[in-house]
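Source file structure_32.tsv; content: TSV, C-alpha atoms.
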```tsv
chain	number	residue	atom	x	y	z
A	1	MET	CA	107.97	99.60	94.64
A	2	LEU	CA	104.77	99.02	92.67
A	3	LEU	CA	101.33	97.50	93.35
A	4	THR	CA	98.44	97.46	90.88
A	5	ILE	CA	94.82	96.54	91.58
A	6	SER	CA	92.62	95.82	88.55
A	7	THR	CA	88.96	94.97	88.12
A	8	THR	CA	86.56	94.41	85.25
A	9	GLY	CA	83.10	95.91	84.89
A	10	SER	CA	79.68	95.24	83.44
A	11	ALA	CA	76.81	97.32	82.09
A	12	SER	CA	75.31	97.67	85.56
A	13	CYS	CA	78.61	98.08	87.43
A	14	PRO	CA	81.37	99.91	85.54
A	15	ALA	CA	84.95	99.05	86.47
A	16	THR	CA	85.64	102.68	87.39
A	17	ASP	CA	83.56	102.11	90.54
A	18	LEU	CA	86.90	101.00	91.94
A	19	GLY	CA	87.60	104.70	92.44
A	20	TYR	CA	84.66	104.98	94.86
A	21	LEU	CA	85.97	102.10	96.96
A	22	LEU	CA	89.54	103.39	97.08
A	23	HIS	CA	88.34	106.98	97.64
A	24	LYS	CA	90.70	108.08	94.88
A	25	ASN	CA	89.42	109.79	91.74
A	26	PRO	CA	90.68	108.03	88.57
A	27	ALA	CA	91.00	111.41	86.85
A	28	ARG	CA	93.24	112.92	89.52
A	29	PRO	CA	96.65	111.45	90.44
A	30	GLN	CA	97.55	111.95	94.10
A	31	THR	CA	100.79	111.99	96.09
A	32	ILE	CA	100.65	111.12	99.80
A	33	SER	CA	103.65	111.55	102.08
A	34	THR	CA	104.35	108.60	104.36
A	35	SER	CA	106.96	107.92	107.01
A	36	VAL	CA	108.98	105.91	104.46
A	37	GLY	CA	108.63	108.03	101.31
A	38	ASP	CA	106.16	109.48	98.83
A	39	ALA	CA	103.30	107.26	97.66
A	40	HIS	CA	101.73	108.04	94.30
A	41	VAL	CA	98.23	106.78	93.45
A	42	PHE	CA	97.17	106.92	89.82
A	43	TYR	CA	95.15	104.96	87.25
A	44	PRO	CA	97.02	103.62	84.19
A	45	GLU	CA	93.65	102.59	82.74
A	46	ALA	CA	90.12	103.64	83.68
A	47	THR	CA	87.28	102.53	81.43
A	48	ALA	CA	83.89	101.00	82.08
A	49	GLN	CA	85.28	97.62	81.00
A	50	ARG	CA	88.53	97.60	82.99
A	51	CYS	CA	90.09	99.82	85.64
A	52	THR	CA	93.53	99.64	87.23
A	53	ALA	CA	94.70	101.58	90.28
A	54	ALA	CA	98.45	101.78	90.86
A	55	LEU	CA	100.32	102.52	94.08
A	56	LEU	CA	103.93	103.55	93.44
A	57	LEU	CA	106.05	104.01	96.55
A	58	GLU	CA	109.27	105.98	96.17
A	59	ILE	CA	111.81	105.06	98.83
A	60	ASP	CA	114.99	106.98	99.56
A	61	PRO	CA	117.32	104.10	100.56
A	62	ILE	CA	119.95	106.45	101.93
A	63	GLY	CA	117.47	108.50	103.91
A	64	LEU	CA	115.99	105.30	105.30
A	65	VAL	CA	119.16	104.44	107.20
A	66	ARG	CA	120.88	107.83	107.54
A	67	GLY	CA	121.85	108.56	111.11
A	68	SER	CA	121.51	104.97	112.28
A	69	GLY	CA	125.19	104.05	112.16
A	70	ALA	CA	124.44	101.95	109.10
A	71	THR	CA	126.92	99.64	107.43
A	72	LEU	CA	127.44	99.55	103.66
A	73	ALA	CA	125.14	96.50	103.47
A	74	GLN	CA	122.25	98.62	104.76
A	75	TYR	CA	122.76	101.26	102.08
A	76	VAL	CA	122.93	98.69	99.28
A	77	ASN	CA	119.62	96.89	99.69
A	78	ASP	CA	116.36	95.87	98.05
A	79	ARG	CA	114.10	98.16	100.07
A	80	PRO	CA	113.14	100.58	97.26
A	81	TYR	CA	112.16	97.80	94.86
A	82	THR	CA	110.54	94.82	96.58
A	83	ALA	CA	107.16	94.75	98.31
A	84	SER	CA	107.59	94.61	102.09
A	85	SER	CA	106.40	96.23	105.32
A	86	LEU	CA	107.25	99.56	103.68
A	87	LEU	CA	104.46	98.97	101.17
A	88	SER	CA	102.12	97.87	103.96
A	89	VAL	CA	102.62	101.27	105.61
A	90	ALA	CA	101.79	103.00	102.31
A	91	LEU	CA	98.67	100.83	101.86
A	92	ALA	CA	97.38	101.82	105.28
A	93	LYS	CA	98.11	105.49	104.66
A	94	CYS	CA	96.65	105.73	101.15
A	95	PHE	CA	93.70	103.33	101.44
A	96	LYS	CA	92.83	103.57	105.12
A	97	THR	CA	89.09	104.07	104.59
A	98	ALA	CA	88.95	101.34	101.94
A	99	MET	CA	90.57	98.90	104.37
A	100	THR	CA	87.75	99.48	106.86
A	101	GLY	CA	85.22	98.49	104.20
A	102	ARG	CA	83.46	101.84	104.33
A	103	CYS	CA	82.10	103.69	101.31
A	104	ASP	CA	79.48	106.26	102.27
A	105	LEU	CA	78.56	107.03	98.66
A	106	ARG	CA	78.17	103.38	97.61
A	107	PRO	CA	77.81	101.18	100.73
A	108	GLU	CA	76.38	98.28	98.72
A	109	LEU	CA	79.51	98.33	96.56
A	110	ALA	CA	81.85	98.02	99.55
A	111	ALA	CA	79.92	95.02	100.85
A	112	ALA	CA	79.98	93.06	97.59
A	113	PRO	CA	82.76	90.81	96.24
A	114	MET	CA	84.29	91.99	92.98
A	115	PRO	CA	86.70	90.43	90.47
A	116	LEU	CA	90.20	91.58	91.38
A	117	GLN	CA	93.64	91.08	89.91
A	118	ILE	CA	96.54	92.24	92.06
A	119	HIS	CA	100.04	92.43	90.62
A	120	LEU	CA	103.32	92.92	92.47
A	121	PRO	CA	106.31	92.82	90.10
A	122	SER	CA	108.82	92.03	92.84
A	123	VAL	CA	108.00	90.26	96.08
A	124	PRO	CA	110.49	88.58	98.45
A	125	SER	CA	109.84	84.94	99.22
A	126	ARG	CA	112.53	84.36	101.79
A	127	GLY	CA	113.15	80.79	102.82
A	128	ASP	CA	110.50	79.17	100.62
A	129	PRO	CA	109.89	79.70	96.87
A	130	ASP	CA	106.31	78.40	97.30
A	131	LEU	CA	105.50	80.66	100.24
A	132	ALA	CA	103.17	82.92	98.25
A	133	HIS	CA	101.00	79.91	97.37
A	134	LYS	CA	100.89	78.77	101.00
A	135	LEU	CA	99.83	82.21	102.19
A	136	PHE	CA	97.33	83.34	99.54
A	137	ALA	CA	95.82	80.16	98.06
A	138	PRO	CA	93.96	79.17	101.27
A	139	LEU	CA	92.27	82.58	101.13
A	140	GLY	CA	90.76	81.76	97.74
A	141	TRP	CA	93.31	83.48	95.50
A	142	THR	CA	94.57	82.01	92.26
A	143	VAL	CA	98.31	82.53	92.69
A	144	THR	CA	100.86	82.97	89.92
A	145	ALA	CA	104.36	83.38	91.36
A	146	ILE	CA	107.08	83.51	88.70
A	147	PRO	CA	110.64	83.27	90.06
A	148	ILE	CA	112.85	86.19	89.05
A	149	PRO	CA	116.33	85.16	87.82
A	150	LEU	CA	119.26	86.44	89.81
A	151	ASP	CA	120.76	87.64	86.53
A	152	PRO	CA	119.00	86.84	83.22
A	153	THR	CA	122.33	87.02	81.41
A	154	VAL	CA	123.89	84.35	83.66
A	155	PRO	CA	121.32	81.50	83.88
A	156	ILE	CA	123.71	79.27	85.83
A	157	TRP	CA	123.27	81.54	88.85
A	158	GLY	CA	119.67	80.41	89.15
A	159	ASP	CA	116.74	82.28	90.66
A	160	SER	CA	116.79	85.15	93.12
A	161	PRO	CA	114.73	85.09	96.37
A	162	TYR	CA	112.06	87.19	94.62
A	163	VAL	CA	108.96	86.38	92.61
A	164	ASP	CA	106.70	88.26	90.21
A	165	LEU	CA	103.35	87.79	91.95
A	166	THR	CA	99.83	87.95	90.48
A	167	LEU	CA	96.72	87.24	92.56
A	168	GLU	CA	93.22	86.75	91.14
A	169	SER	CA	89.95	86.25	92.97
A	170	THR	CA	86.42	87.56	93.46
A	171	VAL	CA	86.56	89.13	96.89
A	172	ARG	CA	85.67	92.27	98.83
A	173	LEU	CA	88.26	94.95	98.23
A	174	ALA	CA	88.61	95.60	101.96
A	175	ASP	CA	89.45	91.93	102.58
A	176	ALA	CA	92.05	91.94	99.80
A	177	LEU	CA	93.77	95.05	101.17
A	178	ASN	CA	93.88	93.72	104.72
A	179	GLN	CA	95.32	90.40	103.56
A	180	LEU	CA	98.06	92.24	101.67
A	181	TYR	CA	98.75	94.44	104.68
A	182	VAL	CA	99.50	91.39	106.85
A	183	LEU	CA	101.10	89.03	104.36
A	184	LEU	CA	103.60	91.32	102.62
A	185	PRO	CA	105.83	91.57	105.75
A	186	VAL	CA	105.33	87.81	106.26
A	187	LEU	CA	106.71	87.08	102.78
A	188	ASP	CA	109.71	89.30	103.51
A	189	ASP	CA	110.13	87.91	107.04
A	190	ALA	CA	111.25	91.36	108.19
A	191	LYS	CA	109.91	94.72	109.31
A	192	HIS	CA	111.60	98.07	108.97
A	193	TYR	CA	110.36	99.37	112.32
A	194	TRP	CA	110.30	98.37	115.98
A	195	VAL	CA	107.70	95.69	116.72
A	196	GLY	CA	105.84	96.10	120.00
A	197	ASN	CA	102.49	95.22	121.58
A	198	ASP	CA	100.61	97.50	119.20
A	199	GLU	CA	101.53	95.13	116.36
A	200	ILE	CA	99.28	92.50	117.93
A	201	ASP	CA	96.35	94.90	117.62
A	202	LYS	CA	97.21	95.56	113.97
A	203	LEU	CA	97.42	91.83	113.26
A	204	LEU	CA	94.07	91.10	114.90
A	205	ARG	CA	92.38	94.05	113.21
A	206	ALA	CA	93.60	93.17	109.70
A	207	GLY	CA	93.38	89.38	110.08
A	208	GLY	CA	90.30	89.18	112.25
A	209	ASN	CA	87.98	87.36	109.86
A	210	TRP	CA	90.45	85.00	108.17
A	211	LEU	CA	93.60	84.45	110.23
A	212	ALA	CA	92.18	82.06	112.82
A	213	ASP	CA	91.29	79.47	110.16
A	214	HIS	CA	94.38	79.90	108.00
A	215	PRO	CA	96.50	76.70	107.81
A	216	ALA	CA	99.68	78.81	108.03
A	217	ARG	CA	98.43	80.81	111.02
A	218	GLU	CA	101.43	80.00	113.20
A	219	LEU	CA	103.91	80.94	110.48
A	220	ILE	CA	102.05	84.19	109.77
A	221	THR	CA	101.94	85.11	113.45
A	222	ARG	CA	105.64	84.37	114.03
A	223	ARG	CA	106.86	86.30	111.01
A	224	TYR	CA	104.48	89.23	111.39
A	225	LEU	CA	105.57	89.69	115.01
A	226	LYS	CA	109.24	89.36	114.06
A	227	HIS	CA	109.71	86.08	115.98
A	228	GLN	CA	109.23	87.76	119.37
A	229	ARG	CA	108.06	84.91	121.58
A	230	SER	CA	106.11	86.92	124.17
A	231	LEU	CA	104.15	88.74	121.46
A	232	ILE	CA	103.48	85.49	119.59
A	233	ILE	CA	102.04	83.82	122.68
A	234	ASP	CA	99.81	86.81	123.48
A	235	ALA	CA	98.60	87.04	119.87
A	236	ALA	CA	97.87	83.32	119.70
A	237	ALA	CA	95.73	83.50	122.83
A	238	LEU	CA	93.74	86.44	121.47
A	239	ILE	CA	93.30	84.86	118.03
A	240	LEU	CA	92.00	81.63	119.50
A	241	ALA	CA	89.84	83.45	122.03
A	242	GLY	CA	87.97	84.90	119.08
A	243	ASP	CA	87.57	81.49	117.46
A	244	SER	CA	84.83	79.65	119.38
A	245	ALA	CA	85.59	76.40	117.57
A	246	ALA	CA	89.17	76.40	118.80
A	247	GLU	CA	88.97	77.78	122.34
A	248	THR	CA	90.88	74.86	123.78
A	249	GLN	CA	93.74	74.98	121.29
A	250	VAL	CA	97.14	76.55	121.97
A	251	LEU	CA	99.80	77.67	119.57
A	252	GLU	CA	102.42	74.96	119.29
A	253	VAL	CA	105.74	76.00	120.79
A	254	PRO	CA	108.25	75.98	117.89
A	255	LEU	CA	111.26	73.68	118.01
A	256	ARG	CA	113.63	76.68	117.97
A	257	ARG	CA	112.13	77.80	121.30
A	258	HIS	CA	112.70	74.36	122.86
A	259	ARG	CA	116.33	74.49	121.69
A	260	LEU	CA	116.79	77.97	123.12
A	261	ASP	CA	115.36	76.99	126.51
A	262	ALA	CA	117.58	73.88	126.61
A	263	VAL	CA	120.70	75.97	125.96
A	264	LEU	CA	119.73	78.51	128.64
A	265	ASP	CA	119.11	75.75	131.21
A	266	THR	CA	122.48	74.16	130.43
A	267	LEU	CA	124.36	77.45	130.76
A	268	ARG	CA	122.72	78.27	134.06
A	269	GLU	CA	123.43	74.81	135.48
A	270	SER	CA	127.08	75.04	134.41
A	271	GLY	CA	127.66	78.24	136.40
A	272	ALA	CA	129.08	80.02	133.33
A	273	VAL	CA	129.40	83.80	133.56
A	274	ARG	CA	131.00	84.49	130.14
A	275	VAL	CA	129.29	83.28	126.96
A	276	VAL	CA	130.23	83.42	123.28
A	277	ASP	CA	127.47	82.51	120.83
A	278	MET	CA	129.12	81.41	117.56
A	279	GLY	CA	126.49	81.76	114.86
A	280	CYS	CA	124.25	84.05	116.89
A	281	GLY	CA	121.96	84.98	113.98
A	282	GLU	CA	119.80	87.95	114.89
A	283	GLY	CA	120.56	87.46	118.59
A	284	ALA	CA	117.69	85.40	120.01
A	285	LEU	CA	119.95	83.75	122.59
A	286	LEU	CA	121.81	86.98	123.33
A	287	ARG	CA	118.55	88.74	124.20
A	288	GLU	CA	117.65	86.01	126.69
A	289	LEU	CA	121.13	86.05	128.24
A	290	MET	CA	120.99	89.82	128.73
A	291	LYS	CA	117.91	89.40	130.94
A	292	ASP	CA	119.88	87.24	133.41
A	293	TYR	CA	122.23	89.13	135.76
A	294	ARG	CA	124.50	86.11	136.33
A	295	PHE	CA	126.03	86.42	132.84
A	296	GLY	CA	128.63	89.20	133.03
A	297	GLU	CA	130.05	89.08	129.49
A	298	ILE	CA	128.10	88.14	126.37
A	299	VAL	CA	129.53	88.03	122.83
A	300	GLY	CA	127.79	87.16	119.56
A	301	ALA	CA	129.42	86.38	116.20
A	302	ASP	CA	127.94	85.48	112.85
A	303	VAL	CA	129.06	85.36	109.20
A	304	SER	CA	125.80	86.98	108.00
A	305	SER	CA	125.90	90.78	108.06
A	306	ARG	CA	122.13	90.81	107.44
A	307	GLU	CA	121.46	88.85	110.62
A	308	LEU	CA	123.86	91.01	112.64
A	309	ASP	CA	122.13	94.16	111.38
A	310	ARG	CA	118.77	92.78	112.47
```
Would you give me this structure, written as structure tokens?
Amino acid sequence: MLLTISTTGSASCPATDLGYLLHKNPARPQTISTSVGDAHVFYPEATAQRCTAALLLEIDPIGLVRGSGATLAQYVNDRPYTASSLLSVALAKCFKTAMTGRCDLRPELAAAPMPLQIHLPSVPSRGDPDLAHKLFAPLGWTVTAIPIPLDPTVPIWGDSPYVDLTLESTVRLADALNQLYVLLPVLDDAKHYWVGNDEIDKLLRAGGNWLADHPARELITRRYLKHQRSLIIDAAALILAGDSAAETQVLEVPLRRHRLDAVLDTLRESGAVRVVDMGCGEGALLRELMKDYRFGEIVGADVSSRELDR
């Protein structure tokens, strides 16, 4: 899993100043252990004219699911290769100080926008091939998202759900890192860890100065919080509370929630005590049914092993 951050320099501001902002010396590769694997930070190029910092995250796909009662589908996966919440964890661990916008040695550098090019060779774009444009373009990025073929030797199979993503803009490094931290899990529409109330704090902290005005705010909030309705409602209230121009707005209740409530009302009115959900997906209805003592037997079935695993 690879991420590169490049910048160009001038006579008054050499490109290698990127090392000050990232708090990583271009002349010294570093390896940082994270909860998901070893993250390596190094500089493939470091001159006054152009500097590139690389973050390479090595994932052990077997170790990631060992001991969890995993199915074969969990062992054979894209986790080691495609940018996701795993890379977000590595970003926060390796560039924590940079994400806060602090640079004690060069404070004026941390406060100034700089020309950045960010490259992610493999990024999931689940459900929408244009999702990267919808997420990053409103933030001022020039987005180049090249679909990756499912198999280059068999063109008839078409494109995979992944893109080769390049982002270019003149922006504060801290803002760029925080946007990546939030939007990588949104592109994947999945997280590798349990999502609880603390995720709201992370979302507000990383998206505080741009999320409220983003046209895809509702989509970002839903996906980042793993479609958990109670968390989404709480996050929406807090986001809008911090946006004085939108204090009277509320997050629109998604159609899927209206459908779910209608099904629950119908089941309760029918007096049913045993329910089979054919096509249960990741179990949104099952979770609601389990909260109600009147349903004594609940069964879910789905053809998608991925959804059942989730």
Test item: axis-aligned box, all listed atoms of segment 9-15 of chain A, 3 Å on each side, centre and edges in Å rounded to one decimal, as lines of an AutoDock Vina configuration file:
```
center_x = 80.1
center_y = 97.6
center_z = 84.8
size_x = 15.6
size_y = 10.7
size_z = 11.3
```
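Excluding Pro215 of chain A and any residue on its chain fewer than 6 positions from it, the residues at most 12 Å away by all atoms listed in the file are His133, Lys134, Leu135, Phe136, Ala137, Pro138, Leu139 and Thr221 of chain A.
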Segment 85-170 of chain A residues near segment 27-37 of chain A within 7 Å, closest pair each, using all atoms listed in the file, as a Markdown table:
```
| residue | atom | partner | partner_atom | distance |
| --- | --- | --- | --- | --- |
| A:Leu86 | CA | A:Val36 | CA | 6.6 |
| A:Ala90 | CA | A:Thr34 | CA | 6.5 |
| A:Lys93 | CA | A:Thr34 | CA | 7.0 |
| A:Cys94 | CA | A:Ile32 | CA | 6.8 |
```
**Residue neighbourhood segment 142-150 of chain A, 10 Å, all atoms listed in the file, exclusion window fewer than 5 positions, as a PyMOL selection string** = chain A and resi 117-125+129-137+155-170
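Rounded to one decimal, atom CA of Leu173 of chain A and atom CA of Phe42 of chain A lie 17.1 Å from each other.
Across the model, the gap from atom CA of Trp210 of chain A to atom CA of Arg106 of chain A is 24.5 Å.
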So that I can see what lies close to segment 267-273 of chain A, please list as a PDB file with C-alpha atoms, keeping the file's coordinate frame the residues with an atom at most 12 Å from it, counting only C-alpha atoms and leaving out residues fewer than 3 positions away in the same chain.
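What landed in result.pdb:
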```pdb
ATOM      1  CA  LEU A 260     116.790  77.970 123.120  1.00  0.00           C
ATOM      2  CA  ASP A 261     115.360  76.990 126.510  1.00  0.00           C
ATOM      3  CA  ALA A 262     117.580  73.880 126.610  1.00  0.00           C
ATOM      4  CA  VAL A 263     120.700  75.970 125.960  1.00  0.00           C
ATOM      5  CA  LEU A 264     119.730  78.510 128.640  1.00  0.00           C
ATOM      6  CA  VAL A 276     130.230  83.420 123.280  1.00  0.00           C
ATOM      7  CA  ASP A 277     127.470  82.510 120.830  1.00  0.00           C
ATOM      8  CA  LEU A 285     119.950  83.750 122.590  1.00  0.00           C
ATOM      9  CA  GLU A 288     117.650  86.010 126.690  1.00  0.00           C
ATOM     10  CA  LEU A 289     121.130  86.050 128.240  1.00  0.00           C
ATOM     11  CA  MET A 290     120.990  89.820 128.730  1.00  0.00           C
ATOM     12  CA  ASP A 292     119.880  87.240 133.410  1.00  0.00           C
ATOM     13  CA  TYR A 293     122.230  89.130 135.760  1.00  0.00           C
ATOM     14  CA  ARG A 294     124.500  86.110 136.330  1.00  0.00           C
ATOM     15  CA  PHE A 295     126.030  86.420 132.840  1.00  0.00           C
ATOM     16  CA  GLY A 296     128.630  89.200 133.030  1.00  0.00           C
ATOM     17  CA  GLU A 297     130.050  89.080 129.490  1.00  0.00           C
ATOM     18  CA  ILE A 298     128.100  88.140 126.370  1.00  0.00           C
ATOM     19  CA  VAL A 299     129.530  88.030 122.830  1.00  0.00           C
TER      20      VAL A 299
END
```
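Considering all atoms listed in the file, the residue among A:Ala190, A:Ala216, A:Leu18, A:Val182 positioned nearest to Cys51 of chain A is A:Leu18.
We find atom CA of Ala212 of chain A and atom CA of Ile239 of chain A to be spaced 6.0 Å apart.
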**Residue contacts of Ser85 of chain A (8 Å, only C-alpha atoms) excluding same-chain residues fewer than 3 positions away, as a VMD selection string** = chain A and resid 88 to 89 181 184 to 185 188 190 to 192
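Taking all atoms listed in the file into account, Arg306 of chain A lies nearest to A:Glu282 out of the set A:Arg222, A:Glu282, A:Leu204, A:Tyr81.
Here the question is which of A:Tyr20, A:Phe95, A:Tyr43, A:Tyr224 gets nearest to Leu177 of chain A using all atoms listed in the file, and that residue is A:Phe95.
Nearest residue to Asp198 of chain A among A:Asp213, A:Asp302, A:Asp234, A:Glu108 is A:Asp234, counting only C-alpha atoms.
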**Message:** I'd like the neighbourhood of Ala53 of chain A as a ChimeraX atom specification, where a residue qualifies if any of its atoms comes within 10 Å (using all atoms listed in the file), though same-chain residues fewer than 6 positions away should be ignored.
**Reply:** /A:3-7,16,18-19,22,24-26,41-46,118
